[in-house]
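Remarks on the structure that follows.
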Amino acid sequence: MNWNNKNVLITGISGFVGSYLAEELLKNDSNVFGLIKRRADGTKAKNLVDHGIDNDLKLLEGDLTDITSLANALDESQPDYIFHLAAQSFVPRSFKNPMETQMINSIGTANLLDAIRIKNYDPKIVFAGSSEEYGLVISSPTQYQQAQTQYGTIFPEPEKIPEVPIKETNPLRPMSPYAVSKVYGDYLMRNYYHSYGLNTVVSRAFNHEGAGRGSMFVTSVITNQVMKLKFEETDKITIGNVNAFRDWSHVKDIIKGYMVLAENGKSGEVYNQGSMRTNSILSYILLSLEHAGWNINKIETFNGEKSITDPTENDNDKIYGIKFDKTKVDKMMLEGNLEYSIEDKGILLDTEKGTVSVEFNPDRFRPAEVPILLSNTEKIQKIGAKTDYKLDDIIKDQLNYYIKEGNRV
Ligand SMILES: C[C@H]1O[C@H](OP(=O)(O)OP(=O)(O)OC[C@H]2O[C@@H](n3cnc4c(=O)[nH]c(N)nc43)[C@H](O)[C@@H]2O)[C@@H](O)[C@@H](O)C1=O
């Protein structure tokens, strides 16, 4: 599509994803407007400065919880396209302060849609829904039993097991206030299409990472600590649940997907965005260390009970009907032959450069967890999206980001 001279409004422009999208749109000569909260100290948003685009954007002060400011932003930008990315996006924060998340994500989305309706604008609106909406995805009969025991009920009951790879038609079982807020936005987008004819398209993106990813998300937690190990600023890695599996994409693939949805997405429809891979948090730690120069021979729990040699050995066998790159430990975990618990306390990694300790921090475990995410993205592929980046590319980009001392936290 020709983005030249199109008016594009991005909510959440100063965020991790918004800044990548804005840069790409500027390269395509769009007029990029961004909704931004007033900064009391007058400083510029780091992401926009890092991308070198802070002077090329038209930033409009506004807040999702203030519908008048949204109406003003629409008047100022006269948008052909809106990417609604702004959100409180950290799942643990939504457990601590659920109302804040609902106000920003749910009511904020309602305000935006209603401002567009009242003002009678007709932009194409792409909404950042989330794979978190699928939530409690059942991947095996054992995991089904565990979930039954832990939560008492699974609703709706799975029609088949495994429920992966996840299609847009999979049941939604949101597991956090954040996830519920995204389900609300997802349904409201489609309701405003059906009720008022607004041209809304929903993206359900699976996890997306890259340089500049917020420091509290697990891939940054890991790569930041690996670089701190490298520069001898720490002597261990601290982490939460290493059993969870995520479908990690590079943010650059996802923002291209957003543009594909703006161009070819059918109004009123939902599209997954992801990599069609799934890997464990443990693998992200091991592979990050290997990229940073630690070759891992063996891993063993602190009590010596669970011991695995060559844990990162690559495996490309078919599982859940598809092939994707995973490690030996991923395969063992997916087949139900390996699981870590808080009682294991941590894992010692035997490497060619000595032992590295990975310590479990019970505070980092969530009250309700999403055990596995693995996308089926055939629907969005049919309208032009593709995956260019491998897991290794994502890890390398994140490690590179943390080489710079000022970026390490
Ligand atoms: C698509 C979706 O993607 C993101 O949501 P998320 O999957 O919750 O992302 P995360 O990186 O915080 O956690 C991933 C997994 O990693 C586990 N984990 C272990 N140890 C730590 C740890 O130390 N920190 C964190 N944060 N997680 C840890 C944690 O328990 C979870 O299983 C958001 O962008 C969200 O906005 C969104 O929409």
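Identifiers for the structure tokens are assigned positionally: chains receive A, B, ... in sequence, residues are indexed from 1 per chain, and ligands are indexed from 1 in the order shown.
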
Quick one: contact table of chain A to ligand 1, 9 Å max, nearest atom pair and distance in Å to one decimal per residue, counting only C-alpha atoms and all ligand atoms, chain and number order, as CSV?
```
residue,atom,partner,partner_atom_place_in_ligand_line,distance
A:Ala87,CA,ligand 1,36 (O),8.0
A:Gln88,CA,ligand 1,36 (O),7.4
A:Ser89,CA,ligand 1,36 (O),3.8
A:Phe90,CA,ligand 1,36 (O),5.3
A:Val91,CA,ligand 1,8 (O),5.1
A:Pro92,CA,ligand 1,12 (O),7.3
A:Ala128,CA,ligand 1,38 (O),8.3
A:Gly129,CA,ligand 1,38 (O),7.1
A:Ser130,CA,ligand 1,38 (O),4.5
A:Ser131,CA,ligand 1,1 (C),5.0
A:Glu132,CA,ligand 1,1 (C),5.4
A:Glu133,CA,ligand 1,38 (O),8.2
A:Tyr178,CA,ligand 1,36 (O),7.5
A:Ala179,CA,ligand 1,38 (O),7.4
A:Lys182,CA,ligand 1,38 (O),8.2
A:Arg204,CA,ligand 1,1 (C),7.9
A:Ala205,CA,ligand 1,1 (C),6.0
A:Phe206,CA,ligand 1,1 (C),4.4
A:Asn207,CA,ligand 1,1 (C),4.0
A:His208,CA,ligand 1,3 (O),6.8
A:Glu209,CA,ligand 1,34 (O),8.4
A:Gly214,CA,ligand 1,34 (O),8.9
A:Ser215,CA,ligand 1,26 (N),8.5
A:Met216,CA,ligand 1,26 (N),5.2
A:Phe217,CA,ligand 1,11 (O),3.7
A:Val218,CA,ligand 1,11 (O),3.8
A:Thr219,CA,ligand 1,11 (O),5.9
A:Ser220,CA,ligand 1,11 (O),7.8
A:Val221,CA,ligand 1,23 (O),6.0
A:Ile222,CA,ligand 1,23 (O),7.7
A:Thr238,CA,ligand 1,23 (O),6.9
A:Ile239,CA,ligand 1,23 (O),4.2
A:Gly240,CA,ligand 1,20 (N),3.2
A:Asn241,CA,ligand 1,19 (C),4.2
A:Val242,CA,ligand 1,19 (C),5.4
A:Asn243,CA,ligand 1,32 (O),7.7
A:Ala244,CA,ligand 1,32 (O),4.7
A:Phe245,CA,ligand 1,32 (O),6.9
A:Arg246,CA,ligand 1,7 (O),6.7
A:Asp247,CA,ligand 1,1 (C),8.6
A:Trp248,CA,ligand 1,3 (O),8.7
A:Ser280,CA,ligand 1,16 (O),8.5
A:Ile281,CA,ligand 1,16 (O),6.0
A:Leu282,CA,ligand 1,19 (C),8.7
A:Phe360,CA,ligand 1,20 (N),8.1
A:Asn361,CA,ligand 1,23 (O),7.8
A:Asp363,CA,ligand 1,23 (O),8.8
A:Arg364,CA,ligand 1,23 (O),5.4
A:Phe365,CA,ligand 1,30 (O),5.7
A:Arg366,CA,ligand 1,30 (O),5.9
A:Ala368,CA,ligand 1,30 (O),8.8
A:Glu369,CA,ligand 1,32 (O),6.1
A:Val370,CA,ligand 1,32 (O),5.9
A:Pro371,CA,ligand 1,32 (O),6.5
A:Ile372,CA,ligand 1,32 (O),8.0
A:Leu373,CA,ligand 1,7 (O),8.5
```

Please, which residues in segment 249-285 of chain A fall within 12 Å of segment 3-7 of chain A when counting only C-alpha atoms, and what is the closest atom pair and distance in Å to one decimal for each, ordered by chain then residue number, as CSV?
```
residue,atom,partner,partner_atom,distance
A:Met259,CA,A:Trp3,CA,9.5
A:Val260,CA,A:Trp3,CA,11.4
A:Ala262,CA,A:Trp3,CA,10.4
A:Glu263,CA,A:Trp3,CA,9.4
```

>> What's around Lys266 of chain A at 10 Å? Count only C-alpha atoms, leave out sequence neighbours fewer than 6 positions away in its own chain, and write the answer as a VMD selection string.
In response: chain A and resid 124 199 to 202 383

> For Asp66 of chain A, which of A:Glu339, A:Asp114, A:Glu168, A:Asp344 is the closest residue, counting only C-alpha atoms?
Replying inline: A:Asp114

>> Please determine, counting only C-alpha atoms, which residue among A:Ser288, A:Lys236, A:Pro362, A:Thr278 has the shortest atom-to-atom distance to Lys331 of chain A.
In response: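 Of A:Ser288, A:Lys236, A:Pro362, A:Thr278, the one nearest Lys331 of chain A, counting only C-alpha atoms, is A:Thr278.
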
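Look at Asn47 of chain A: the protein and nucleic acid residues within 10 Å of it, using only C-alpha atoms and passing over chain neighbours fewer than 4 places away, are Ile13, Ser14, Gly15, Phe16, Val17, Gly18, Ser19, Tyr20, His51, Gly52, Ile53, Asp54, Gly212 and Arg213 of chain A.
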
With C-alpha atoms kept, could you save the residues just selected as a PDB file, in the first residue's frame?
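Contents of result_18.pdb, as written:
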```
ATOM      1  CA  ILE A  13       3.495   6.014  20.274  1.00  0.00           C
ATOM      2  CA  SER A  14       6.175   6.430  22.930  1.00  0.00           C
ATOM      3  CA  GLY A  15       5.933   2.768  23.939  1.00  0.00           C
ATOM      4  CA  PHE A  16       8.119  -0.106  22.761  1.00  0.00           C
ATOM      5  CA  VAL A  17       5.908  -1.119  19.817  1.00  0.00           C
ATOM      6  CA  GLY A  18       4.600   2.365  18.991  1.00  0.00           C
ATOM      7  CA  SER A  19       8.094   3.737  18.428  1.00  0.00           C
ATOM      8  CA  TYR A  20       9.021   0.917  15.990  1.00  0.00           C
ATOM      9  CA  HIS A  51      14.684   5.653  17.271  1.00  0.00           C
ATOM     10  CA  GLY A  52      15.789   9.146  16.223  1.00  0.00           C
ATOM     11  CA  ILE A  53      12.249  10.163  15.328  1.00  0.00           C
ATOM     12  CA  ASP A  54      11.311  12.559  18.126  1.00  0.00           C
ATOM     13  CA  GLY A 212      14.195  -1.548  23.850  1.00  0.00           C
ATOM     14  CA  ARG A 213      11.602  -3.992  25.191  1.00  0.00           C
TER      15      ARG A 213
END
```

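Closest approach to Asn28 of chain A from the set A:Lys256, A:Asp235, A:Lys353, A:Asn316 is made by A:Lys256, with distances taken over only C-alpha atoms.
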
> Taking only C-alpha atoms into account, which of A:Gln398, A:Asn295, A:Thr309, A:Gln146 comes nearest Val356 of chain A?
Replying inline: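 Checking each of A:Gln398, A:Asn295, A:Thr309, A:Gln146 against Val356 of chain A, counting only C-alpha atoms, the winner is A:Asn295.
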
>> Run DSSP on the backbone and tell me which residues of segment 329-391 of chain A come out as alpha helix (DSSP H); list them as a list in words.
In response: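 These are the residues in question: Val329, Asp330, Lys331, Met332, Met333, Leu334, Glu378, Lys379, Ile380, Gln381 and Leu391 of chain A.
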
Could you write out that same residue set with N, CA and C atoms as a PDB file, in the first residue's frame?
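The resulting file, again10.pdb, is shown below:
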```pdb
ATOM      1  N   VAL A 329      15.479 -29.327  26.184  1.00  0.00           N
ATOM      2  CA  VAL A 329      14.635 -29.130  27.380  1.00  0.00           C
ATOM      3  C   VAL A 329      13.208 -28.727  27.010  1.00  0.00           C
ATOM      4  N   ASP A 330      13.053 -27.942  25.936  1.00  0.00           N
ATOM      5  CA  ASP A 330      11.691 -27.594  25.479  1.00  0.00           C
ATOM      6  C   ASP A 330      10.919 -28.872  25.179  1.00  0.00           C
ATOM      7  N   LYS A 331      11.566 -29.750  24.416  1.00  0.00           N
ATOM      8  CA  LYS A 331      10.905 -31.000  24.003  1.00  0.00           C
ATOM      9  C   LYS A 331      10.502 -31.813  25.241  1.00  0.00           C
ATOM     10  N   MET A 332      11.447 -31.919  26.190  1.00  0.00           N
ATOM     11  CA  MET A 332      11.159 -32.705  27.399  1.00  0.00           C
ATOM     12  C   MET A 332       9.979 -32.103  28.169  1.00  0.00           C
ATOM     13  N   MET A 333       9.973 -30.774  28.264  1.00  0.00           N
ATOM     14  CA  MET A 333       8.881 -30.117  29.000  1.00  0.00           C
ATOM     15  C   MET A 333       7.551 -30.290  28.258  1.00  0.00           C
ATOM     16  N   LEU A 334       7.590 -30.114  26.943  1.00  0.00           N
ATOM     17  CA  LEU A 334       6.341 -30.226  26.166  1.00  0.00           C
ATOM     18  C   LEU A 334       5.785 -31.637  26.212  1.00  0.00           C
ATOM     19  N   GLU A 378      -2.138 -18.663  10.049  1.00  0.00           N
ATOM     20  CA  GLU A 378      -2.480 -18.837   8.625  1.00  0.00           C
ATOM     21  C   GLU A 378      -3.390 -17.728   8.110  1.00  0.00           C
ATOM     22  N   LYS A 379      -4.269 -17.233   8.991  1.00  0.00           N
ATOM     23  CA  LYS A 379      -5.253 -16.226   8.538  1.00  0.00           C
ATOM     24  C   LYS A 379      -4.552 -14.933   8.099  1.00  0.00           C
ATOM     25  N   ILE A 380      -3.625 -14.451   8.903  1.00  0.00           N
ATOM     26  CA  ILE A 380      -2.954 -13.189   8.538  1.00  0.00           C
ATOM     27  C   ILE A 380      -1.926 -13.416   7.415  1.00  0.00           C
ATOM     28  N   GLN A 381      -1.378 -14.624   7.354  1.00  0.00           N
ATOM     29  CA  GLN A 381      -0.451 -14.914   6.241  1.00  0.00           C
ATOM     30  C   GLN A 381      -1.165 -14.785   4.894  1.00  0.00           C
ATOM     31  N   LEU A 391      14.175 -16.854  16.486  1.00  0.00           N
ATOM     32  CA  LEU A 391      14.348 -16.601  17.923  1.00  0.00           C
ATOM     33  C   LEU A 391      15.759 -16.062  18.202  1.00  0.00           C
TER      34      LEU A 391
END
```

>> With DSSP run on the backbone, what are the strand (DSSP E) residues within segment 154-366 of chain A? I'd like them as an MDAnalysis selection string.
In response: chainID A and resid 199:205 208:209 236:239 245:246 249:250 270:273 279:280 296:301 307:309 314:315 318:319 322:323 326:327 346:351 354:360

For the selection just defined, write its residues with N, CA and C atoms to a file, as a short mmCIF file (atom, residue, chain, number, x, y, z; two decimals), in the first residue's frame.
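Written output follows (selection_11.cif):
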```
data_model
loop_
_atom_site.label_atom_id
_atom_site.label_comp_id
_atom_site.auth_asym_id
_atom_site.auth_seq_id
_atom_site.Cartn_x
_atom_site.Cartn_y
_atom_site.Cartn_z
N ASN A 199 -14.73 1.01 11.07
CA ASN A 199 -13.85 0.02 10.41
C ASN A 199 -12.76 -0.47 11.36
N THR A 200 -13.13 -1.41 12.21
CA THR A 200 -12.18 -1.90 13.21
C THR A 200 -11.64 -3.28 12.85
N VAL A 201 -10.35 -3.47 13.07
CA VAL A 201 -9.72 -4.78 12.89
C VAL A 201 -8.95 -5.10 14.16
N VAL A 202 -9.07 -6.33 14.64
CA VAL A 202 -8.39 -6.72 15.88
C VAL A 202 -7.18 -7.58 15.57
N SER A 203 -6.03 -7.18 16.13
CA SER A 203 -4.84 -8.02 16.08
C SER A 203 -4.72 -8.71 17.43
N ARG A 204 -4.52 -10.01 17.42
CA ARG A 204 -4.15 -10.68 18.68
C ARG A 204 -2.70 -11.10 18.53
N ALA A 205 -1.81 -10.22 18.92
CA ALA A 205 -0.38 -10.53 18.78
C ALA A 205 0.09 -11.36 19.95
N HIS A 208 5.96 -10.16 21.66
CA HIS A 208 6.93 -9.61 20.71
C HIS A 208 7.98 -8.80 21.43
N GLU A 209 9.21 -9.01 20.98
CA GLU A 209 10.38 -8.55 21.73
C GLU A 209 11.37 -7.90 20.78
N LYS A 236 24.66 -14.02 39.39
CA LYS A 236 23.61 -15.05 39.17
C LYS A 236 22.46 -14.47 38.36
N ILE A 237 21.56 -15.35 37.96
CA ILE A 237 20.34 -14.92 37.27
C ILE A 237 19.15 -15.22 38.18
N THR A 238 18.30 -14.22 38.39
CA THR A 238 17.11 -14.42 39.21
C THR A 238 15.89 -14.41 38.30
N ILE A 239 14.99 -15.34 38.53
CA ILE A 239 13.87 -15.52 37.59
C ILE A 239 12.66 -16.10 38.30
N PHE A 245 5.74 -21.44 28.43
CA PHE A 245 6.13 -21.40 27.01
C PHE A 245 5.49 -20.20 26.34
N ARG A 246 6.29 -19.48 25.56
CA ARG A 246 5.77 -18.33 24.84
C ARG A 246 6.14 -18.40 23.37
N SER A 249 7.89 -13.37 18.88
CA SER A 249 8.21 -12.78 17.57
C SER A 249 9.14 -11.60 17.77
N HIS A 250 9.77 -11.19 16.68
CA HIS A 250 10.50 -9.92 16.72
C HIS A 250 9.48 -8.80 16.52
N VAL A 270 -10.82 -10.70 13.40
CA VAL A 270 -9.72 -10.86 14.35
C VAL A 270 -8.61 -11.64 13.67
N TYR A 271 -7.37 -11.21 13.86
CA TYR A 271 -6.22 -11.91 13.26
C TYR A 271 -5.13 -12.16 14.30
N ASN A 272 -4.68 -13.41 14.40
CA ASN A 272 -3.49 -13.70 15.21
C ASN A 272 -2.25 -13.15 14.54
N GLN A 273 -1.28 -12.77 15.38
CA GLN A 273 0.05 -12.44 14.87
C GLN A 273 1.05 -13.19 15.75
N ASN A 279 8.69 -21.65 22.82
CA ASN A 279 9.89 -22.00 23.57
C ASN A 279 9.71 -21.62 25.03
N SER A 280 10.44 -22.33 25.90
CA SER A 280 10.27 -22.09 27.33
C SER A 280 11.11 -20.89 27.80
N ILE A 296 26.83 -24.40 27.38
CA ILE A 296 26.28 -25.14 28.52
C ILE A 296 26.34 -26.65 28.28
N ASN A 297 27.03 -27.35 29.18
CA ASN A 297 27.17 -28.80 29.05
C ASN A 297 26.04 -29.54 29.73
N LYS A 298 25.65 -29.00 30.89
CA LYS A 298 24.68 -29.74 31.71
C LYS A 298 23.94 -28.76 32.62
N ILE A 299 22.69 -29.07 32.92
CA ILE A 299 21.97 -28.27 33.92
C ILE A 299 21.44 -29.20 35.00
N GLU A 300 21.39 -28.70 36.24
CA GLU A 300 21.01 -29.56 37.36
C GLU A 300 20.34 -28.71 38.43
N THR A 301 19.23 -29.16 38.99
CA THR A 301 18.59 -28.39 40.08
C THR A 301 19.54 -28.33 41.27
N SER A 307 18.66 -33.53 36.31
CA SER A 307 19.94 -33.27 35.64
C SER A 307 19.81 -33.58 34.15
N ILE A 308 20.17 -32.61 33.31
CA ILE A 308 20.03 -32.80 31.85
C ILE A 308 21.35 -32.43 31.17
N THR A 309 21.86 -33.32 30.34
CA THR A 309 23.08 -32.98 29.58
C THR A 309 22.68 -32.38 28.22
N ASN A 314 19.52 -28.79 19.53
CA ASN A 314 18.35 -28.38 18.74
C ASN A 314 17.48 -29.58 18.35
N ASP A 315 16.18 -29.34 18.37
CA ASP A 315 15.22 -30.38 18.00
C ASP A 315 14.21 -29.75 17.05
N LYS A 318 8.30 -32.89 14.82
CA LYS A 318 6.92 -32.40 14.79
C LYS A 318 6.29 -32.55 16.16
N ILE A 319 5.64 -31.51 16.60
CA ILE A 319 4.83 -31.61 17.82
C ILE A 319 3.59 -30.74 17.60
N ILE A 322 3.03 -29.48 14.01
CA ILE A 322 3.91 -28.56 13.27
C ILE A 322 5.36 -28.73 13.70
N LYS A 323 6.25 -28.24 12.83
CA LYS A 323 7.69 -28.31 13.12
C LYS A 323 8.18 -26.91 13.44
N LYS A 326 13.26 -25.95 18.56
CA LYS A 326 13.15 -25.93 20.02
C LYS A 326 14.37 -26.64 20.60
N THR A 327 14.58 -26.52 21.88
CA THR A 327 15.73 -27.16 22.50
C THR A 327 15.32 -28.53 23.07
N GLY A 346 16.18 -23.56 42.29
CA GLY A 346 17.01 -23.00 41.21
C GLY A 346 17.77 -24.08 40.47
N ILE A 347 18.53 -23.64 39.47
CA ILE A 347 19.25 -24.57 38.59
C ILE A 347 20.70 -24.10 38.47
N LEU A 348 21.62 -25.07 38.55
CA LEU A 348 23.04 -24.75 38.31
C LEU A 348 23.38 -25.15 36.88
N LEU A 349 24.02 -24.23 36.17
CA LEU A 349 24.39 -24.51 34.79
C LEU A 349 25.88 -24.78 34.73
N ASP A 350 26.22 -25.96 34.24
CA ASP A 350 27.63 -26.32 34.11
C ASP A 350 28.10 -25.86 32.72
N THR A 351 28.95 -24.84 32.69
CA THR A 351 29.38 -24.29 31.41
C THR A 351 30.90 -24.38 31.27
N GLY A 354 32.66 -22.15 33.72
CA GLY A 354 32.32 -22.26 35.14
C GLY A 354 30.83 -22.39 35.34
N THR A 355 30.43 -22.39 36.63
CA THR A 355 29.01 -22.62 36.95
C THR A 355 28.24 -21.30 37.00
N VAL A 356 27.06 -21.31 36.40
CA VAL A 356 26.17 -20.15 36.49
C VAL A 356 24.93 -20.58 37.27
N SER A 357 24.54 -19.74 38.22
CA SER A 357 23.40 -20.08 39.05
C SER A 357 22.14 -19.33 38.61
N VAL A 358 21.06 -20.10 38.41
CA VAL A 358 19.75 -19.49 38.06
C VAL A 358 18.84 -19.72 39.26
N GLU A 359 18.47 -18.65 39.94
CA GLU A 359 17.75 -18.76 41.20
C GLU A 359 16.27 -18.41 41.00
N PHE A 360 15.37 -19.27 41.51
CA PHE A 360 13.94 -18.97 41.40
C PHE A 360 13.53 -18.00 42.50
#
```

> Using only C-alpha atoms, which of the listed residues (A:Gln148, A:Ser267, A:Ser275, A:Ser94) sits closest to Ile254 of chain A?
Replying inline: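 Counting only C-alpha atoms, the residue closest to Ile254 of chain A is A:Ser275.
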
> Suppose you want the space between atom CA of Lys228 of chain A and atom CA of Ala211 of chain A; what is it in Å?
Replying inline: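 A separation of 16.0 Å between them.
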
> Of the residues A:Ala292, A:Ile255, A:Val180, A:Ile154, which is the one nearest to Ile10 of chain A, using only C-alpha atoms?
Replying inline: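 Selected residue with least distance to Ile10 of chain A: A:Ile255.
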
>> For a test of reading the model, state the distance in Å between atom CA of Tyr193 of chain A and atom CA of Ile125 of chain A, rounded to one decimal.
In response: 10.1 Å

> Do you know which residues are at most 12 Å from Ile118 of chain A counting only C-alpha atoms, after dropping those on the same chain fewer than 5 positions away, and could you put them as a PyMOL selection string?
Replying inline: chain A and resi 67-68+70-71+74-75+110-113+192+196+198

>> Give me, as a PyMOL selection string, all polymer residues having an atom no more than 10 Å from Gln143 of chain A, counting only C-alpha atoms and skipping those fewer than 4 positions away in the same chain.
In response: chain A and resi 137-139+147-149+161-162+336+371
